[in-house]
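What follows is a short report on a single structure.
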Amino acid sequence: MWISDKLDRVLDRFRTIEAELSAGPEPSQYVKLSKEYAELEPVAKAAQVLQAAEREAADLTRLIEAADTDRELRALAETELEELNGRLDELHNQMKLLLLPKDAADEKNVIIEVRAGTGGDEAALFAGDLFRMYQRYAALKGWTVEIISASEAELGGYKEIIAAISGRGVFAELKFESGVHRVQRIPETESQGRIHTSAATVAVLPEAEDVDVDIDEKDLRIDVYRSSGPGGQSVNTTDSAVRITHLPTGLVVTQQDEKSQHKNKAKALKVLRARLYEMERERKEAERSAARKGQVGSGDRSERIRTYNFPQGRVTDHRINLTLYKLDQVIRGEALGELIQALITEHQASLLAEVEANE
């Protein structure tokens with residue numbers, strides 16, 4: 001059975017790392033081993049609990065089957081074994097989830113990009129609502145949010161806003177937010193009281209480190225120019241704005257929010273690195289999943305993933321056919337976790353089914 005084989009390999013590796021750490025490795029090796037140890041520790045601890053429960057079940061079974069066990073003791077052992085078997089089912093399911101293939105990017109920070117789509121001013125207002133939803137959710141999780149660049153719309157909201165969100169397991173929770181978010185509501189400017197449909201796109205990219213993406217300076221064209229604000233007026237008198245073009249892919253990133261050209265270049269490179277890393281992830285995932293459909297949608301940013309219907313106070317995630325009648329709490333970030341957890345659970349179930357089908 002795949003779970004037994006994989007568990008044996010994980011425990012062997014865990015014990016090996018434990019011994020190597022006790023021996024006092026070199027500082028560089030110590031960091032690497034400590035990280036791997038921390039990743040395997042939850043599995044090892046859960047395995048110890050599972051194995052202890054299995055030993056207890058075996059002892060109870062022997063007691064029940066022994067010819068010299070008196071009737072009262074046998075009845076007590078049978079009751080305990082029945083309860084323990086239920087607990088063993090839970091422990092086995094927990095272990096299966098812990099042993100599922102991990103996304104290498106799950107623990108990374110993210111670059112989140114929210115853009116107004118179809119719907120004009122209303123789409124920009126909705127983009128602003130979505131970004132604030134993520135800000136509030138991040139605050140509830142204890143994550144930090146740093147705005148990298150923002151293009152505000154005339155009536156409020158954003159044409160585009162890009163931010164970095166940092167914290168533990170950010171990408172693991174937010175990665176399913178990528179896609180088209182649709183809103184149905186009556187705009188404040190609508191005198192007839194008609195419901196309008198608008199959209200905004202969200203892209204959640206794992207933040208890449210230098211070791212993840214190797215960018216050759218020869219592959220970059222860097223243009224500098226004078227920053228400009230709404231209406232074209234000059235924001236400052238120096239050529240501080242930066243436009244970076246990655247020649248092999250054609251990706252273009254512009255940054256002008258800072259007064260320093262150096263800071264703008266650093267922020268633009270951060271976004272470019274994240275986009276290149278995501279392109280490579282998508283390419284590898286496409287190769288891996290060529291024979292199967294995406295579990296919770298493809299994550300494609302052209303795919304409509306969720307509808308926020310204000311007149312009915314509901315949010316529907318179309319990938320898992322889940323509807324919550326608590327739109328206000330979702331938009332405030334308070335109930336967003338319910339949607340995210342449902343998506344994670346569905347994704348895990350699909351992965352588990354795939355692993356078991358390939359046993």
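Within each chain, counting starts at residue 1; across the structure tokens, chains are named A, B, ... in the order shown, with ligands numbered 1 upward in that order.
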
inquiry  = Report as a list of chain:residue names all protein, DNA and RNA residues lying within 12 Å of A:Asp121, evaluated on only C-alpha atoms, omitting residues in the same chain fewer than 2 positions from it.
reply    = A:Arg115, A:Ala116, A:Gly117, A:Thr118, A:Gly119, A:Ala123, A:Ala124, A:Leu125, A:Phe126, A:Ala127, A:Gly128, A:Glu152, A:Ala153, A:Glu154, A:Leu155, A:Gly156, A:Gly157, A:Tyr158, A:Lys159, A:Pro187, A:Glu188, A:Thr189, A:Glu190, A:His196, A:Thr197, A:Ser198, A:Ala199, A:Ala200

Preceding selection exported with N, CA, C and O atoms as a short mmCIF file (atom, residue, chain, number, x, y, z; two decimals), in the first residue's frame:
data_model
loop_
_atom_site.label_atom_id
_atom_site.label_comp_id
_atom_site.auth_asym_id
_atom_site.auth_seq_id
_atom_site.Cartn_x
_atom_site.Cartn_y
_atom_site.Cartn_z
N ARG A 115 -6.74 43.48 -11.06
CA ARG A 115 -6.99 44.41 -12.15
C ARG A 115 -8.48 44.50 -12.46
O ARG A 115 -9.18 43.48 -12.46
N ALA A 116 -8.94 45.70 -12.74
CA ALA A 116 -10.33 45.89 -13.17
C ALA A 116 -10.50 45.25 -14.54
O ALA A 116 -9.66 45.40 -15.42
N GLY A 117 -11.61 44.55 -14.73
CA GLY A 117 -11.90 43.93 -16.01
C GLY A 117 -13.03 44.65 -16.70
O GLY A 117 -13.09 45.89 -16.70
N THR A 118 -13.98 43.91 -17.26
CA THR A 118 -15.10 44.54 -17.94
C THR A 118 -16.02 45.20 -16.91
O THR A 118 -16.23 44.67 -15.82
N GLY A 119 -16.54 46.38 -17.28
CA GLY A 119 -17.46 47.05 -16.38
C GLY A 119 -17.09 48.48 -16.03
O GLY A 119 -17.77 49.11 -15.22
N ALA A 123 -16.12 48.19 -12.31
CA ALA A 123 -15.10 47.14 -12.23
C ALA A 123 -13.92 47.60 -11.39
O ALA A 123 -13.36 46.81 -10.61
N ALA A 124 -13.56 48.88 -11.52
CA ALA A 124 -12.45 49.42 -10.72
C ALA A 124 -12.83 49.46 -9.24
O ALA A 124 -12.00 49.15 -8.37
N LEU A 125 -14.08 49.84 -8.95
CA LEU A 125 -14.54 49.84 -7.56
C LEU A 125 -14.51 48.43 -6.98
O LEU A 125 -14.11 48.22 -5.83
N PHE A 126 -14.92 47.46 -7.80
CA PHE A 126 -14.91 46.07 -7.34
C PHE A 126 -13.49 45.57 -7.13
O PHE A 126 -13.21 44.83 -6.17
N ALA A 127 -12.55 45.97 -8.00
CA ALA A 127 -11.14 45.61 -7.82
C ALA A 127 -10.65 46.11 -6.47
O ALA A 127 -9.90 45.43 -5.77
N GLY A 128 -11.08 47.33 -6.11
CA GLY A 128 -10.72 47.89 -4.81
C GLY A 128 -11.31 47.07 -3.67
O GLY A 128 -10.65 46.81 -2.66
N GLU A 152 -4.92 54.19 -9.44
CA GLU A 152 -6.26 54.45 -8.93
C GLU A 152 -7.19 54.94 -10.04
O GLU A 152 -6.76 55.62 -10.97
N ALA A 153 -8.47 54.58 -9.92
CA ALA A 153 -9.48 55.03 -10.88
C ALA A 153 -10.08 56.35 -10.41
O ALA A 153 -10.01 56.69 -9.22
N GLU A 154 -10.69 57.08 -11.31
CA GLU A 154 -11.20 58.42 -10.99
C GLU A 154 -12.29 58.39 -9.94
O GLU A 154 -12.35 59.25 -9.06
N LEU A 155 -13.19 57.40 -10.00
CA LEU A 155 -14.30 57.35 -9.05
C LEU A 155 -14.01 56.46 -7.84
O LEU A 155 -14.90 56.20 -7.03
N GLY A 156 -12.78 56.04 -7.71
CA GLY A 156 -12.40 55.18 -6.60
C GLY A 156 -12.03 53.79 -7.09
O GLY A 156 -12.25 53.43 -8.24
N GLY A 157 -11.47 53.01 -6.20
CA GLY A 157 -11.02 51.68 -6.59
C GLY A 157 -9.73 51.74 -7.39
O GLY A 157 -9.02 52.76 -7.38
N TYR A 158 -9.43 50.67 -8.09
CA TYR A 158 -8.16 50.58 -8.81
C TYR A 158 -8.34 50.04 -10.22
O TYR A 158 -9.10 49.10 -10.44
N LYS A 159 -7.63 50.66 -11.15
CA LYS A 159 -7.48 50.03 -12.46
C LYS A 159 -6.58 48.81 -12.32
O LYS A 159 -6.81 47.78 -12.95
N PRO A 187 -24.90 49.68 -9.16
CA PRO A 187 -23.91 50.74 -8.93
C PRO A 187 -24.57 51.98 -8.32
O PRO A 187 -25.75 52.25 -8.54
N GLU A 188 -23.78 52.72 -7.55
CA GLU A 188 -24.30 53.95 -6.93
C GLU A 188 -24.72 54.97 -7.99
O GLU A 188 -25.59 55.81 -7.75
N THR A 189 -24.14 54.89 -9.17
CA THR A 189 -24.44 55.84 -10.24
C THR A 189 -25.66 55.41 -11.07
O THR A 189 -26.07 56.12 -11.98
N GLU A 190 -26.25 54.25 -10.75
CA GLU A 190 -27.37 53.71 -11.52
C GLU A 190 -28.69 54.25 -10.97
O GLU A 190 -29.11 53.89 -9.87
N HIS A 196 -25.94 45.57 -12.45
CA HIS A 196 -24.87 45.51 -13.45
C HIS A 196 -23.93 44.36 -13.11
O HIS A 196 -23.74 44.02 -11.94
N THR A 197 -23.33 43.78 -14.13
CA THR A 197 -22.32 42.73 -13.94
C THR A 197 -20.96 43.27 -14.36
O THR A 197 -20.81 43.77 -15.47
N SER A 198 -20.00 43.19 -13.46
CA SER A 198 -18.64 43.65 -13.75
C SER A 198 -17.67 42.54 -13.32
O SER A 198 -18.08 41.56 -12.70
N ALA A 199 -16.42 42.74 -13.65
CA ALA A 199 -15.44 41.71 -13.32
C ALA A 199 -14.08 42.32 -13.00
O ALA A 199 -13.76 43.43 -13.41
N ALA A 200 -13.30 41.56 -12.27
CA ALA A 200 -11.91 41.92 -11.98
C ALA A 200 -11.10 40.63 -12.02
O ALA A 200 -11.62 39.56 -11.73
#

message = So that I can check the secondary structure, give me every residue of stretch 48-297 of chain A assigned strand (DSSP E) by backbone DSSP, as a ChimeraX atom specification.
response = /A:110-116,144-152,158-166,179-185,196-206,220-225,241-246,251-255

Who sits within 12 Å of A:Lys267, only C-alpha atoms, same chain under 3 positions skipped, as a list in words =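 Residues meeting the cut-off are Ile111, Glu146, Ile147, Ile148, Ser149, Ile162, Ala163, Ala164, Glu207, Ala241, Val242, Arg243, Ile244, Val253, Thr254, Gln255, Gln256, Asp257, Glu258, Ser260, Gln261, His262, Lys263, Asn264, Lys270, Val271, Leu272, Arg273 and Ala274 of chain A.
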
query = With distances taken over only C-alpha atoms, which of A:His181, A:Lys35, A:His246, A:Arg74 is nearest to A:Arg306?
reply =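 Checking each candidate against A:Arg306, we get A:His181 as the closest.
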
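Residues lying within 8 Å of A:Leu88, counting only C-alpha atoms and ignoring same-chain neighbours fewer than 4 positions away, are Leu50, Ala53, Glu54, Leu84 and His92 of chain A.
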